[in-house]
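Below: one structure, written as structure tokens.
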Amino acid sequence: MHKQRTNETNGINRAIGLALLLGALCAGAANAQTANDVVVTLKAQKVERTKEGKEVLRIADRAVPGEVIQYDALYRNQSKKGIRNLQPTLPIPAGLEYLPDSAKPAPSKASVDGKNFAPIPLMRQVALPDGKTKEEPVPASEYRALRWELGDLDSGRNALVSARARLALK
């Protein structure tokens, strides 16, 4: 039992590390002149509550199932020119479940495959027993990536995006 729990926790901690790595690699700076034009700093923090009920953020180098992690990605344009059509993308690896309404700034887009993005909430067609279809929301736990359309980022300016995810209990 203890060994299984350790393996689960190690897998979750790898998911946190993977999210950090993928977030840095998938820093969506469209139309940047070089890879060094936009610097991305990604921070993962646990969302905790004090005895008084006040929310606090603590560095998340380890986490256990059920804990909430806030990801903050700061995009800094260090080029001499403005960046056009900045679209930061934040992957949500398996083992993490996006928390609805936590993406900031709103609105943002989401994806279940990391490739095709649509406005939140994602919707899908579901076949009914009578052969008809109906549209229903995709559970946020199935979102695998978030994307923001921030527009232009002038030289020397910053843009911050954030979202929260819960470590899956399974």
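Residues in the structure tokens are named by chain (A, B, ... in the order shown) and by number from 1 within that chain; ligands are numbered from 1 in the order shown.
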Practice prompt. Identify, on the basis of only C-alpha atoms, every residue whose closest approach to region 149-166 of chain A does not exceed 8 Å; exclude the query and any residue fewer than 6 positions from it along the same chain; express the result as a VMD selection string.
Written response: chain A and resid 65 to 88 92 96 to 99 102 to 105 108
Keeping only N, CA and C atoms, write the selected residues to a file as a short mmCIF file (atom, residue, chain, number, x, y, z; two decimals), in the first residue's frame.
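Everything below was put into out12.cif:
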```cif
data_model
loop_
_atom_site.label_atom_id
_atom_site.label_comp_id
_atom_site.auth_asym_id
_atom_site.auth_seq_id
_atom_site.Cartn_x
_atom_site.Cartn_y
_atom_site.Cartn_z
N PRO A 65 -2.65 14.32 -4.03
CA PRO A 65 -3.96 14.35 -4.69
C PRO A 65 -4.96 15.22 -3.93
N GLY A 66 -5.73 15.98 -4.69
CA GLY A 66 -6.73 16.87 -4.12
C GLY A 66 -6.27 18.30 -3.94
N GLU A 67 -4.95 18.53 -3.94
CA GLU A 67 -4.45 19.89 -3.77
C GLU A 67 -4.63 20.69 -5.05
N VAL A 68 -4.80 22.00 -4.87
CA VAL A 68 -4.98 22.92 -5.99
C VAL A 68 -3.67 23.64 -6.24
N ILE A 69 -3.29 23.68 -7.53
CA ILE A 69 -2.06 24.36 -7.96
C ILE A 69 -2.45 25.53 -8.85
N GLN A 70 -1.87 26.69 -8.58
CA GLN A 70 -2.06 27.85 -9.45
C GLN A 70 -0.81 28.01 -10.29
N TYR A 71 -1.02 28.09 -11.62
CA TYR A 71 0.06 28.32 -12.56
C TYR A 71 -0.01 29.77 -13.02
N ASP A 72 1.08 30.50 -12.85
CA ASP A 72 1.20 31.88 -13.33
C ASP A 72 2.30 31.90 -14.38
N ALA A 73 1.98 32.41 -15.56
CA ALA A 73 2.97 32.52 -16.63
C ALA A 73 3.13 33.99 -16.98
N LEU A 74 4.33 34.52 -16.77
CA LEU A 74 4.63 35.91 -17.08
C LEU A 74 5.41 35.95 -18.39
N TYR A 75 4.86 36.67 -19.37
CA TYR A 75 5.47 36.82 -20.69
C TYR A 75 6.06 38.22 -20.77
N ARG A 76 7.39 38.29 -21.03
CA ARG A 76 8.08 39.59 -21.09
C ARG A 76 8.68 39.76 -22.49
N ASN A 77 8.29 40.84 -23.16
CA ASN A 77 8.83 41.14 -24.49
C ASN A 77 10.13 41.91 -24.29
N GLN A 78 11.25 41.25 -24.56
CA GLN A 78 12.55 41.91 -24.40
C GLN A 78 13.13 42.33 -25.75
N SER A 79 12.34 42.27 -26.79
CA SER A 79 12.83 42.71 -28.10
C SER A 79 12.66 44.23 -28.22
N LYS A 80 13.20 44.79 -29.27
CA LYS A 80 13.05 46.22 -29.52
C LYS A 80 11.77 46.54 -30.29
N LYS A 81 11.07 45.49 -30.71
CA LYS A 81 9.83 45.66 -31.46
C LYS A 81 8.67 45.03 -30.70
N GLY A 82 7.48 45.44 -31.05
CA GLY A 82 6.30 44.82 -30.46
C GLY A 82 6.10 43.41 -31.01
N ILE A 83 5.50 42.57 -30.20
CA ILE A 83 5.14 41.22 -30.61
C ILE A 83 3.66 41.26 -30.99
N ARG A 84 3.34 40.68 -32.11
CA ARG A 84 1.96 40.67 -32.60
C ARG A 84 1.31 39.34 -32.30
N ASN A 85 0.05 39.39 -31.95
CA ASN A 85 -0.78 38.20 -31.80
C ASN A 85 -0.22 37.21 -30.78
N LEU A 86 0.09 37.68 -29.58
CA LEU A 86 0.60 36.82 -28.51
C LEU A 86 -0.51 35.88 -28.06
N GLN A 87 -0.23 34.57 -28.12
CA GLN A 87 -1.20 33.55 -27.73
C GLN A 87 -0.55 32.54 -26.79
N PRO A 88 -0.41 32.89 -25.52
CA PRO A 88 0.17 31.95 -24.56
C PRO A 88 -0.68 30.68 -24.45
N ILE A 92 -2.21 21.23 -19.74
CA ILE A 92 -2.72 20.64 -18.51
C ILE A 92 -2.51 19.13 -18.65
N LEU A 96 -3.89 16.23 -13.79
CA LEU A 96 -4.35 17.54 -13.33
C LEU A 96 -5.71 17.82 -13.94
N GLU A 97 -6.59 18.46 -13.19
CA GLU A 97 -7.93 18.82 -13.66
C GLU A 97 -8.10 20.33 -13.56
N TYR A 98 -8.31 20.97 -14.72
CA TYR A 98 -8.52 22.42 -14.75
C TYR A 98 -9.73 22.78 -13.90
N LEU A 99 -9.62 23.85 -13.12
CA LEU A 99 -10.73 24.34 -12.31
C LEU A 99 -11.47 25.43 -13.08
N SER A 102 -11.14 29.65 -13.48
CA SER A 102 -9.91 30.10 -12.81
C SER A 102 -8.91 30.73 -13.78
N ALA A 103 -9.14 30.63 -15.07
CA ALA A 103 -8.22 31.21 -16.05
C ALA A 103 -8.36 32.72 -16.06
N LYS A 104 -7.21 33.39 -15.97
CA LYS A 104 -7.21 34.85 -15.97
C LYS A 104 -6.11 35.32 -16.89
N PRO A 105 -6.29 36.34 -17.66
CA PRO A 105 -7.55 37.07 -17.80
C PRO A 105 -8.54 36.25 -18.62
N SER A 108 -10.72 32.94 -22.20
CA SER A 108 -9.64 32.13 -22.75
C SER A 108 -10.26 30.98 -23.53
#
```
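For Val138 (chain A), the non-local neighbours within 8 Å, defined as residues at least 2 positions apart in the same chain or in other chains and counting only C-alpha atoms, are Pro121, Leu122, Met123, Arg124, Glu136, Ala140 and Glu142 of chain A.
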Fill in: DSSP strand (DSSP E or B) selection over region 60-152 of chain A, as a ChimeraX atom specification
/A:68-77,83-86,89-91,96-98,104,109-111,118-119,123-127,133-137,145-147,151-152
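One finds CA of Ala168 (chain A) at 18.3 Å from CA of Ser111 (chain A).
Minimum atom-to-atom distance to Ala145 (chain A), evaluated using only C-alpha atoms, belongs to A:Ile120 out of A:Leu128, A:Ala60, A:Ala44, A:Ile120.
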Worksheet item: Which residues come within 7 Å of Arg58 (chain A), counting only C-alpha atoms, excluding same-chain residues fewer than 6 positions away, as number ranges by chain?
Response: A: 45-47
Could you write those residues out with C-alpha atoms, as an mmCIF file, in the first residue's frame?
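Wrote selection.cif, looks like this:
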```cif
data_model
loop_
_atom_site.group_PDB
_atom_site.id
_atom_site.type_symbol
_atom_site.label_atom_id
_atom_site.label_comp_id
_atom_site.auth_asym_id
_atom_site.auth_seq_id
_atom_site.Cartn_x
_atom_site.Cartn_y
_atom_site.Cartn_z
ATOM 1 C CA GLN A 45 2.091 27.459 -6.356
ATOM 2 C CA LYS A 46 -0.167 25.488 -4.020
ATOM 3 C CA VAL A 47 -3.380 27.250 -3.059
#
```
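Relative to CA of Lys54 (chain A), CA of Leu90 (chain A) is found at 26.8 Å.
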Worksheet item: Any idea what's packed within 7 Å of Glu48 (chain A), counting only C-alpha atoms, ignoring anything in its chain fewer than 3 positions away? Could you give it as a PyMOL selection string?
Response: chain A and resi 55-57
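Coordinates place CA of Thr89 (chain A) at a distance of 25.0 Å from CA of Gln125 (chain A).
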